[in-house]
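Data first, discussion second: the structure below is written as structure tokens.
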Amino acid sequence: MRKAILAIALCAICLLSCKEMEERSLRRQMVSAAKEFLAAEEVSGYKKLAVKCVDTITEVSYARLTTELLSNMESSYEAMLYQEGSNSEVIPLYLNEIIRTRKDMEDLLESGDLDTEGVLLYWVTATYVKDGKDNEFMFMVEPDKRTLHTLDPFGDNLLYKE
């Protein structure tokens, strides 16, 4: 009995240790992507760069994130339309596209066809030190762990790719 409990405890320790090593390895792999992101954002002269957290984004979480972004955009454009009144011809066009795309995302979520397990993207949280201040930033990386991804619900939406 004691040996069985000891074996189970050792297995649990090994599993936790392996998972921790995987997480550290993944954070290390994301450092070059973080540097690339900062370069694209024209951030230079920082002293220390650290990847704090790497989360996975599934198809479902991507659809939810996109839906939230579109809802915020819809609210902003409705406010602009209210401020501009009937003087704007372009804002209603943008607003219609936002609403259509948001409804598409909601339909995808309701369909149950989206994957809840696989990695669609990685969401990386990192910090850098510049002028003695910690600066946190976030970015997305594709499953190859090298290619940066910009959330674009209208153009490069990953859920529409086959």
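A note on labels: chains of the structure tokens are A, B, ... as shown, every chain counts residues from 1, and ligands are counted from 1 in their shown order.
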Against region 120-142 of chain A, which residues of region 53-76 of chain A fall within 10 Å? For each one I want the closest pair of atoms and the distance in Å (one decimal), counting only C-alpha atoms, rows by chain and increasing residue number, as CSV.
residue,atom,partner,partner_atom,distance
A:Cys53,CA,A:Thr125,CA,5.2
A:Val54,CA,A:Val124,CA,4.6
A:Asp55,CA,A:Trp123,CA,5.0
A:Thr56,CA,A:Tyr122,CA,4.6
A:Ile57,CA,A:Leu121,CA,5.0
A:Thr58,CA,A:Leu120,CA,5.0
A:Glu59,CA,A:Leu120,CA,6.0
A:Val60,CA,A:Leu120,CA,9.4
A:Ser61,CA,A:Leu120,CA,9.2
A:Tyr62,CA,A:Leu120,CA,7.9
Residue set, chain A restricted to strand (DSSP E or B), as a CSV table (one decimal) with C-alpha atoms, in the first residue's frame:
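Output (selection-v2.csv):
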chain,number,residue,atom,x,y,z
A,48,LYS,CA,15.3,43.7,-19.8
A,49,LEU,CA,12.7,41.6,-21.7
A,50,ALA,CA,10.8,38.8,-20.0
A,51,VAL,CA,7.9,36.6,-21.2
A,52,LYS,CA,5.6,36.3,-18.2
A,53,CYS,CA,2.8,34.1,-19.5
A,54,VAL,CA,1.8,32.2,-22.6
A,55,ASP,CA,-1.8,31.2,-22.9
A,56,THR,CA,-3.4,29.2,-25.7
A,57,ILE,CA,-6.2,30.5,-27.8
A,121,LEU,CA,-2.8,30.9,-31.4
A,122,TYR,CA,-0.7,31.7,-28.4
A,123,TRP,CA,-1.5,34.9,-26.4
A,124,VAL,CA,1.8,36.1,-24.9
A,125,THR,CA,2.2,38.6,-22.0
A,126,ALA,CA,5.6,40.1,-21.6
A,127,THR,CA,7.4,43.0,-20.0
A,128,TYR,CA,10.4,45.1,-20.8
A,129,VAL,CA,12.2,47.7,-18.7
A,130,LYS,CA,12.9,51.1,-20.3
A,133,LYS,CA,9.9,51.5,-15.7
A,134,ASP,CA,8.3,48.1,-16.3
A,135,ASN,CA,6.2,48.1,-19.4
A,136,GLU,CA,3.7,45.2,-20.0
A,137,PHE,CA,2.6,44.3,-23.5
A,138,MET,CA,0.6,41.5,-25.1
A,139,PHE,CA,0.7,39.9,-28.6
A,140,MET,CA,-0.4,36.8,-30.4
A,141,VAL,CA,1.8,34.2,-32.1
A,148,LEU,CA,3.2,37.2,-35.1
A,149,HIS,CA,-0.6,37.4,-35.6
Fill in the blank from the handout: From the list A:Leu159, A:Ile98, A:Val119, A:Leu93, the nearest residue to Leu69 (chain A) using only C-alpha atoms is A:Ile98
Practice task
For Tyr77 (chain A), please output as a ChimeraX atom specification all residues within 7 Å (counting only C-alpha atoms; exclusion window: fewer than 4 positions along the same chain).
Solution key: /A:73,81,91,95
Exercise for the section: Mind listing the alpha helix (DSSP H) residues of chain A, per DSSP on the backbone, as a VMD selection string? Expected result: chain A and resid 2 to 40 59 to 84 90 to 111
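With only C-alpha atoms as the atoms that count, the residue of A:Asp152, A:Glu74, A:Asp113, A:Asp107 with the shortest distance to Tyr94 (chain A) is A:Glu74.
Straight-line separation from CA of Thr66 (chain A) to CA of Asn157 (chain A): 8.9 Å.
The residue that comes closest to Leu108 (chain A), out of A:Leu26, A:Ala33, A:Leu158, A:Ala63 and on the basis of only C-alpha atoms, is A:Ala63.
One finds CA of Thr101 (chain A) at 18.7 Å from CA of Ala79 (chain A).
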Completion exercise
Atom pair CA of Ser25 (chain A) + CA of Ala39 (chain A), distance 22.5 Å
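Each of A:Met105, A:Leu114, A:Leu151, A:Ala34 was compared to Arg64 (chain A) using only C-alpha atoms, and A:Met105 turns out to be the nearest.
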